[in-house]
$ cat my_file25.pdb   # PDB, C-alpha atoms
ATOM      1  CA  MET D  10      -5.818 -21.101  21.170
ATOM      2  CA  ALA D  11      -9.123 -21.299  19.301
ATOM      3  CA  MET D  12     -10.938 -18.096  18.404
ATOM      4  CA  THR D  13     -14.455 -17.639  19.782
ATOM      5  CA  ILE D  14     -16.994 -15.386  18.065
ATOM      6  CA  ARG D  15     -19.310 -13.603  20.495
ATOM      7  CA  GLY D  16     -21.980 -10.950  20.242
ATOM      8  CA  THR D  17     -19.318  -8.479  21.381
ATOM      9  CA  THR D  18     -16.732  -9.487  18.766
ATOM     10  CA  ARG D  19     -15.504  -6.538  16.674
ATOM     11  CA  LEU D  20     -14.621  -6.975  13.024
ATOM     12  CA  LEU D  21     -11.603  -6.272  10.875
ATOM     13  CA  GLY D  22     -11.014  -7.384   7.300
ATOM     14  CA  VAL D  23      -9.116  -7.205   4.050
ATOM     15  CA  ILE D  24     -10.779  -5.608   1.018
ATOM     16  CA  GLY D  25      -9.694  -6.820  -2.418
ATOM     17  CA  TRP D  26     -10.795  -8.336  -5.713
ATOM     18  CA  PRO D  27     -10.204 -11.205  -5.785
ATOM     19  CA  VAL D  28      -9.337 -11.852  -2.160
ATOM     20  CA  ALA D  29     -10.269 -15.491  -1.452
ATOM     21  CA  HIS D  30      -6.614 -16.508  -1.880
ATOM     22  CA  SER D  31      -5.401 -14.106   0.820
ATOM     23  CA  ARG D  32      -3.547 -15.593   3.789
ATOM     24  CA  SER D  33      -4.286 -12.491   5.856
ATOM     25  CA  PRO D  34      -7.350 -13.916   7.684
ATOM     26  CA  LEU D  35      -5.378 -17.013   8.720
ATOM     27  CA  MET D  36      -2.405 -14.995   9.977
ATOM     28  CA  GLN D  37      -4.386 -12.198  11.598
ATOM     29  CA  ASN D  38      -6.841 -14.507  13.375
ATOM     30  CA  ALA D  39      -3.945 -16.576  14.741
ATOM     31  CA  ALA D  40      -2.407 -13.399  16.163
ATOM     32  CA  ILE D  41      -5.782 -12.243  17.518
ATOM     33  CA  ALA D  42      -6.363 -15.592  19.238
ATOM     34  CA  ALA D  43      -2.854 -15.623  20.703
ATOM     35  CA  ALA D  44      -3.389 -12.134  22.114
ATOM     36  CA  GLY D  45      -6.813 -13.065  23.531
ATOM     37  CA  LEU D  46      -8.559 -10.194  21.736
ATOM     38  CA  ASP D  47     -12.292 -10.134  21.047
ATOM     39  CA  LEU D  48     -11.813  -9.520  17.327
ATOM     40  CA  ALA D  49     -12.288 -11.404  14.068
ATOM     41  CA  TYR D  50     -10.600 -10.740  10.728
ATOM     42  CA  VAL D  51     -12.416 -11.660   7.504
ATOM     43  CA  ALA D  52     -11.861 -11.531   3.750
ATOM     44  CA  LEU D  53     -14.089  -8.963   2.021
ATOM     45  CA  PRO D  54     -14.371  -9.571  -1.739
ATOM     46  CA  VAL D  55     -15.309  -6.215  -3.277
ATOM     47  CA  PRO D  56     -15.530  -5.680  -7.041
ATOM     48  CA  PRO D  57     -14.260  -2.268  -8.164
ATOM     49  CA  GLU D  58     -17.731  -0.924  -8.939
ATOM     50  CA  ALA D  59     -18.847  -1.613  -5.343
ATOM     51  CA  LEU D  60     -15.891  -0.028  -3.537
ATOM     52  CA  ALA D  61     -17.685   3.126  -2.364
ATOM     53  CA  GLU D  62     -20.580   1.093  -0.941
ATOM     54  CA  ALA D  63     -18.208  -1.332   0.733
ATOM     55  CA  LEU D  64     -16.248   1.428   2.433
ATOM     56  CA  ALA D  65     -19.473   3.008   3.700
ATOM     57  CA  GLY D  66     -20.437  -0.461   4.922
ATOM     58  CA  LEU D  67     -17.373  -0.615   7.174
ATOM     59  CA  ARG D  68     -18.803   2.237   9.171
ATOM     60  CA  ALA D  69     -22.385   0.959   9.053
ATOM     61  CA  LEU D  70     -21.429  -2.532  10.238
ATOM     62  CA  GLY D  71     -19.225  -1.360  13.082
ATOM     63  CA  PHE D  72     -15.883  -2.497  11.666
ATOM     64  CA  LEU D  73     -12.789  -1.163  13.417
ATOM     65  CA  GLY D  74     -11.021  -0.969  10.081
ATOM     66  CA  ALA D  75      -9.692  -2.924   7.150
ATOM     67  CA  ASN D  76      -6.618  -3.611   5.096
ATOM     68  CA  VAL D  77      -6.832  -2.753   1.406
ATOM     69  CA  THR D  78      -5.224  -4.771  -1.359
ATOM     70  CA  ILE D  79      -5.280  -5.055  -5.157
ATOM     71  CA  PRO D  80      -6.930  -3.331  -6.981
ATOM     72  CA  HIS D  81      -8.267  -0.837  -4.420
ATOM     73  CA  LYS D  82      -5.248   0.867  -2.787
ATOM     74  CA  GLU D  83      -5.349   3.918  -5.029
ATOM     75  CA  ALA D  84      -9.085   3.880  -5.716
ATOM     76  CA  ALA D  85      -9.895   4.030  -1.992
ATOM     77  CA  MET D  86      -8.230   7.421  -1.494
ATOM     78  CA  PRO D  87     -11.075   9.687  -2.739
ATOM     79  CA  HIS D  88     -13.511   7.929  -0.412
ATOM     80  CA  LEU D  89     -11.548   8.717   2.751
ATOM     81  CA  ALA D  90     -12.214  11.721   4.977
ATOM     82  CA  GLY D  91      -8.550  11.974   5.881
ATOM     83  CA  ALA D  92      -5.228  10.378   5.012
ATOM     84  CA  ALA D  93      -1.927  10.186   6.848
ATOM     85  CA  GLN D  94       1.128  11.804   5.259
ATOM     86  CA  GLU D  95       2.465   8.469   3.989
ATOM     87  CA  ALA D  96      -0.821   7.644   2.250
ATOM     88  CA  ARG D  97      -0.987  11.104   0.661
ATOM     89  CA  LEU D  98       2.602  10.839  -0.542
ATOM     90  CA  ALA D  99       2.030   7.380  -2.031
ATOM     91  CA  GLY D 100      -1.424   8.257  -3.355
ATOM     92  CA  ALA D 101      -2.546   4.901  -1.996
ATOM     93  CA  ALA D 102      -3.913   3.482   1.259
ATOM     94  CA  ASN D 103      -3.403  -0.098   2.395
ATOM     95  CA  THR D 104      -5.065   0.391   5.774
ATOM     96  CA  ILE D 105      -8.328   2.122   6.676
ATOM     97  CA  ARG D 106      -9.320   2.948  10.220
ATOM     98  CA  VAL D 107     -12.880   3.768  11.233
ATOM     99  CA  GLU D 108     -12.460   6.653  13.656
ATOM    100  CA  ALA D 109     -14.644   7.169  16.743
ATOM    101  CA  ASP D 110     -16.688   9.816  14.901
ATOM    102  CA  GLY D 111     -17.262   7.472  11.935
ATOM    103  CA  ARG D 112     -14.763   9.082   9.571
ATOM    104  CA  LEU D 113     -12.593   6.763   7.484
ATOM    105  CA  SER D 114      -8.884   7.576   7.689
ATOM    106  CA  GLY D 115      -6.325   6.127   5.295
ATOM    107  CA  HIS D 116      -2.821   4.956   6.112
ATOM    108  CA  ASN D 117       0.028   3.354   4.197
ATOM    109  CA  THR D 118       2.217   0.882   6.063
ATOM    110  CA  ASP D 119       3.890  -0.298   2.839
ATOM    111  CA  ILE D 120       6.379   2.592   2.982
ATOM    112  CA  GLU D 121       7.741   1.605   6.382
ATOM    113  CA  GLY D 122       7.529  -2.041   5.309
ATOM    114  CA  ILE D 123       9.975  -1.186   2.522
ATOM    115  CA  THR D 124      12.338   1.108   4.420
ATOM    116  CA  ALA D 125      12.600  -0.750   7.763
ATOM    117  CA  PRO D 126      14.223  -3.927   6.332
ATOM    118  CA  LEU D 127      16.566  -1.795   4.238
ATOM    119  CA  ARG D 128      17.661   0.113   7.342
ATOM    120  CA  THR D 129      18.157  -3.165   9.210
ATOM    121  CA  ALA D 130      20.342  -4.422   6.359
ATOM    122  CA  GLY D 131      22.276  -1.146   6.295
ATOM    123  CA  ALA D 132      20.993  -0.283   2.801
ATOM    124  CA  GLU D 133      19.863   3.333   2.916
ATOM    125  CA  LEU D 134      17.944   5.007   0.086
ATOM    126  CA  ALA D 135      19.286   8.502   0.810
ATOM    127  CA  GLY D 136      21.384   9.783  -2.075
ATOM    128  CA  ARG D 137      21.131   6.477  -3.974
ATOM    129  CA  ARG D 138      20.183   5.544  -7.529
ATOM    130  CA  VAL D 139      17.127   3.290  -7.195
ATOM    131  CA  LEU D 140      15.287   1.037  -9.637
ATOM    132  CA  VAL D 141      11.615   0.353  -8.856
ATOM    133  CA  LEU D 142      10.031  -2.505 -10.812
ATOM    134  CA  GLY D 143       6.245  -2.159 -10.811
ATOM    135  CA  CYS D 144       4.117   0.960 -10.468
ATOM    136  CA  GLY D 145       0.925  -0.335  -8.852
ATOM    137  CA  GLY D 146      -0.056   0.305  -5.236
ATOM    138  CA  ALA D 147       3.123  -1.213  -3.786
ATOM    139  CA  GLY D 148       5.178   0.521  -6.472
ATOM    140  CA  ARG D 149       3.674   3.838  -5.426
ATOM    141  CA  ALA D 150       4.729   3.047  -1.853
ATOM    142  CA  ALA D 151       8.264   2.219  -3.041
ATOM    143  CA  ALA D 152       8.426   5.522  -4.917
ATOM    144  CA  ALA D 153       7.105   7.351  -1.865
ATOM    145  CA  ALA D 154       9.751   5.650   0.266
ATOM    146  CA  CYS D 155      12.408   6.904  -2.155
ATOM    147  CA  ALA D 156      10.987  10.419  -1.889
ATOM    148  CA  ARG D 157      10.729  10.341   1.904
ATOM    149  CA  GLU D 158      14.228   8.932   2.382
ATOM    150  CA  GLY D 159      15.874  11.315  -0.097
ATOM    151  CA  ALA D 160      16.921   9.084  -2.988
ATOM    152  CA  ALA D 161      18.790  10.971  -5.705
ATOM    153  CA  ASP D 162      17.603   9.239  -8.871
ATOM    154  CA  VAL D 163      14.695   6.812  -9.290
ATOM    155  CA  ALA D 164      13.912   4.759 -12.399
ATOM    156  CA  LEU D 165      10.267   3.648 -12.400
ATOM    157  CA  LEU D 166       9.687   0.720 -14.739
ATOM    158  CA  ASN D 167       6.317  -0.858 -15.378
ATOM    159  CA  ARG D 168       4.775  -3.304 -17.825
ATOM    160  CA  THR D 169       2.782  -0.383 -19.249
ATOM    161  CA  ARG D 170       4.873   2.756 -19.674
ATOM    162  CA  ASP D 171       1.940   5.147 -19.239
ATOM    163  CA  ARG D 172       1.451   4.023 -15.644
ATOM    164  CA  ALA D 173       5.141   4.652 -14.927
ATOM    165  CA  GLU D 174       4.877   8.101 -16.507
ATOM    166  CA  ALA D 175       1.825   8.948 -14.409
ATOM    167  CA  LEU D 176       3.587   7.874 -11.221
ATOM    168  CA  ALA D 177       6.732   9.802 -12.149
ATOM    169  CA  ALA D 178       4.674  12.948 -12.741
ATOM    170  CA  ALA D 179       2.879  12.573  -9.402
ATOM    171  CA  MET D 180       6.129  11.965  -7.525
ATOM    172  CA  ALA D 181       7.902  14.854  -9.272
ATOM    173  CA  ALA D 182       5.188  17.178  -7.970
ATOM    174  CA  ALA D 183       5.595  15.822  -4.429
ATOM    175  CA  ALA D 184       9.389  15.460  -4.425
ATOM    176  CA  PRO D 185      10.956  17.619  -7.165
ATOM    177  CA  GLN D 186      14.434  17.213  -5.671
ATOM    178  CA  VAL D 187      14.501  13.591  -6.870
ATOM    179  CA  ARG D 188      15.172  12.742 -10.527
ATOM    180  CA  TRP D 189      12.257  10.539 -11.647
ATOM    181  CA  ARG D 190      12.804   8.477 -14.822
ATOM    182  CA  PRO D 191       9.779   6.486 -16.068
ATOM    183  CA  GLY D 192      10.007   3.600 -18.496
ATOM    184  CA  SER D 193       8.721   0.188 -19.484
ATOM    185  CA  LEU D 194      10.201  -3.165 -18.522
ATOM    186  CA  ASP D 195      11.926  -3.121 -21.916
ATOM    187  CA  ASP D 196      14.228  -0.461 -20.436
ATOM    188  CA  ILE D 197      15.589  -2.736 -17.698
ATOM    189  CA  ALA D 198      18.851  -3.509 -19.498
ATOM    190  CA  ARG D 199      19.633   0.206 -19.509
ATOM    191  CA  ALA D 200      18.365   1.007 -16.010
ATOM    192  CA  ALA D 201      19.585  -1.975 -13.982
ATOM    193  CA  PRO D 202      23.355  -1.403 -14.275
ATOM    194  CA  ARG D 203      22.963   2.161 -12.954
ATOM    195  CA  ALA D 204      20.953   1.137  -9.904
ATOM    196  CA  GLU D 205      22.451   0.872  -6.435
ATOM    197  CA  VAL D 206      19.174  -0.396  -4.906
ATOM    198  CA  VAL D 207      16.503  -2.453  -6.711
ATOM    199  CA  LEU D 208      12.955  -2.617  -5.337
ATOM    200  CA  HIS D 209      10.778  -5.237  -7.037
ATOM    201  CA  VAL D 210       7.180  -4.721  -5.880
TER
END
$ encode --input "my_file25.pdb" --output "structure tokens"
Amino acid sequence: MAMTIRGTTRLLGVIGWPVAHSRSPLMQNAAIAAAGLDLAYVALPVPPEALAEALAGLRALGFLGANVTIPHKEAAMPHLAGAAQEARLAGAANTIRVEADGRLSGHNTDIEGITAPLRTAGAELAGRRVLVLGCGGAGRAAAAACAREGAADVALLNRTRDRAEALAAAMAAAAPQVRWRPGSLDDIARAAPRAEVVLHV
């Protein structure tokens, strides 16, 4: 079914930099057309220095909301009037909704996107030793999933160790019952054999 743009069509989009390579518009517009919704989903290339203006523009242009991708998941948080528990725990938002009163609320669906397939496969995080490879926006979601699900010990490895240390410190404040062990990718030979679950994000 072909999508028709009308004067009544509401907008959704994906904010990133770069974002031209994203398959999200193709997938989302196919789903929108199949459902017969009067919506259109577009790519929104936003350089980091223009993020605040772009987020204000969502409201000004009547967008319903937007997905957020690299490098804006963390940077978007201070610009939001409210954030769901998952977004606060991860310190990152991958979805922004424009509320009826114009406020921008942040959400993080990455956490459930990580835990749901694990549950389906019978691989629980509770009480497990977990290795997370990557500490960007998706890595923050993986760490938040470990915290929410009650992992016992989480090694956070990143190309740059300082980013892993920053994430470990943030997660230790939010979930002190979990042992957080930051490191660089050079530490993988030591960390991998201990892990019961590996999350590469």
$ closest_atom_pairs --input "my_file25.pdb" --of "range 61-167 of chain D" --to "range 19-22 of chain D" --cutoff "9 Å" --atoms "only C-alpha atoms" --output "Markdown table"
| residue | atom | partner | partner_atom | distance |
| --- | --- | --- | --- | --- |
| D:Leu67 | CA | D:Leu21 | CA | 8.9 |
| D:Leu70 | CA | D:Leu20 | CA | 8.6 |
| D:Gly71 | CA | D:Leu20 | CA | 7.3 |
| D:Phe72 | CA | D:Leu20 | CA | 4.8 |
| D:Leu73 | CA | D:Leu21 | CA | 5.8 |
| D:Gly74 | CA | D:Leu21 | CA | 5.4 |
| D:Ala75 | CA | D:Gly22 | CA | 4.7 |
| D:Asn76 | CA | D:Gly22 | CA | 6.2 |
| D:Val77 | CA | D:Gly22 | CA | 8.6 |
$ resolve_selection --input "my_file25.pdb" --expression "the PyMOL selection byres ((chain D and resi 63-65) around 10)" --output "list in words"
Ile24, Leu53, Pro54, Val55, Pro56, Pro57, Glu58, Ala59, Leu60, Ala61, Glu62, Gly66, Leu67, Arg68, Ala69, Leu70, Gly74, Ala75, Ala85, His88, Leu89, Ile105, Val107, Gly111, Arg112 and Leu113 of chain D
$ atom_distance --input "my_file25.pdb" --atom1 "CA of Glu205 in chain D" --atom2 "CA of Ala183 in chain D"
22.6 Å
$ residues_near_point --input "my_file25.pdb" --point "(-4.8, -1.1, 4.0)" --cutoff "8 Å" --atoms "only C-alpha atoms" --output "PDB file with C-alpha atoms, in the coordinates of the input"
ATOM      1  CA  VAL D  23      -9.116  -7.205   4.050  1.00  0.00           C
ATOM      2  CA  ALA D  75      -9.692  -2.924   7.150  1.00  0.00           C
ATOM      3  CA  ASN D  76      -6.618  -3.611   5.096  1.00  0.00           C
ATOM      4  CA  VAL D  77      -6.832  -2.753   1.406  1.00  0.00           C
ATOM      5  CA  THR D  78      -5.224  -4.771  -1.359  1.00  0.00           C
ATOM      6  CA  LYS D  82      -5.248   0.867  -2.787  1.00  0.00           C
ATOM      7  CA  ALA D 102      -3.913   3.482   1.259  1.00  0.00           C
ATOM      8  CA  ASN D 103      -3.403  -0.098   2.395  1.00  0.00           C
ATOM      9  CA  THR D 104      -5.065   0.391   5.774  1.00  0.00           C
ATOM     10  CA  ILE D 105      -8.328   2.122   6.676  1.00  0.00           C
ATOM     11  CA  GLY D 115      -6.325   6.127   5.295  1.00  0.00           C
ATOM     12  CA  HIS D 116      -2.821   4.956   6.112  1.00  0.00           C
ATOM     13  CA  ASN D 117       0.028   3.354   4.197  1.00  0.00           C
ATOM     14  CA  THR D 118       2.217   0.882   6.063  1.00  0.00           C
TER      15      THR D 118
END
$ resolve_selection --input "my_file25.pdb" --expression "the PyMOL selection byres ((chain D and resi 144-160) around 6)" --output "list in words"
Lys82, Leu98, Ala99, Asp119, Ile120, Leu134, Ala135, Gly136, Arg137, Gly143, Ala161, Asp162, Asn167, Ala173, Ala184 and Val210 of chain D
$ atom_distance --input "my_file25.pdb" --atom1 "CA of Ala84 in chain D" --atom2 "CA of Val28 in chain D"
16.1 Å
$ atom_distance --input "my_file25.pdb" --atom1 "CA of Ala52 in chain D" --atom2 "CA of Pro126 in chain D"
27.3 Å
$ axis_aligned_box --input "my_file25.pdb" --around "range 34-47 of chain D" --padding-each-side "3 Å" --output "JSON"
{"center_x": -7.3, "center_y": -13.6, "center_z": 15.6, "size_x": 15.9, "size_y": 12.9, "size_z": 21.8}
$ residues_around --input "my_file25.pdb" --residues "Arg15 in chain D" --least-positions-apart "5" --cutoff "12 Å" --atoms "all atoms listed in the file" --output "ChimeraX atom specification"
/D:20,46-49
$ closest_residue --input "my_file25.pdb" --among "D:Ile41, D:Ala29, D:Val163, D:Ala198" --to "Ile14 in chain D" --atoms "all atoms listed in the file"
D:Ile41
$ closest_residue --input "my_file25.pdb" --among "D:Val51, D:Ala43, D:Ala175, D:Val206" --to "Leu127 in chain D" --atoms "all atoms listed in the file"
D:Val206
$ closest_residue --input "my_file25.pdb" --among "D:Ala96, D:Gln186, D:Trp26, D:Leu142" --to "Pro80 in chain D" --atoms "all atoms listed in the file"
D:Trp26
$ residues_around --input "my_file25.pdb" --residues "Arg199 in chain D" --least-positions-apart "6" --cutoff "12 Å" --atoms "all atoms listed in the file" --output "JSON, numbers by chain"
{"D": [140, 164, 166, 190, 192, 193]}
$ closest_residue --input "my_file25.pdb" --among "D:Thr13, D:Thr18, D:Ser114, D:Gln37" --to "Glu95 in chain D" --atoms "all atoms listed in the file"
D:Ser114
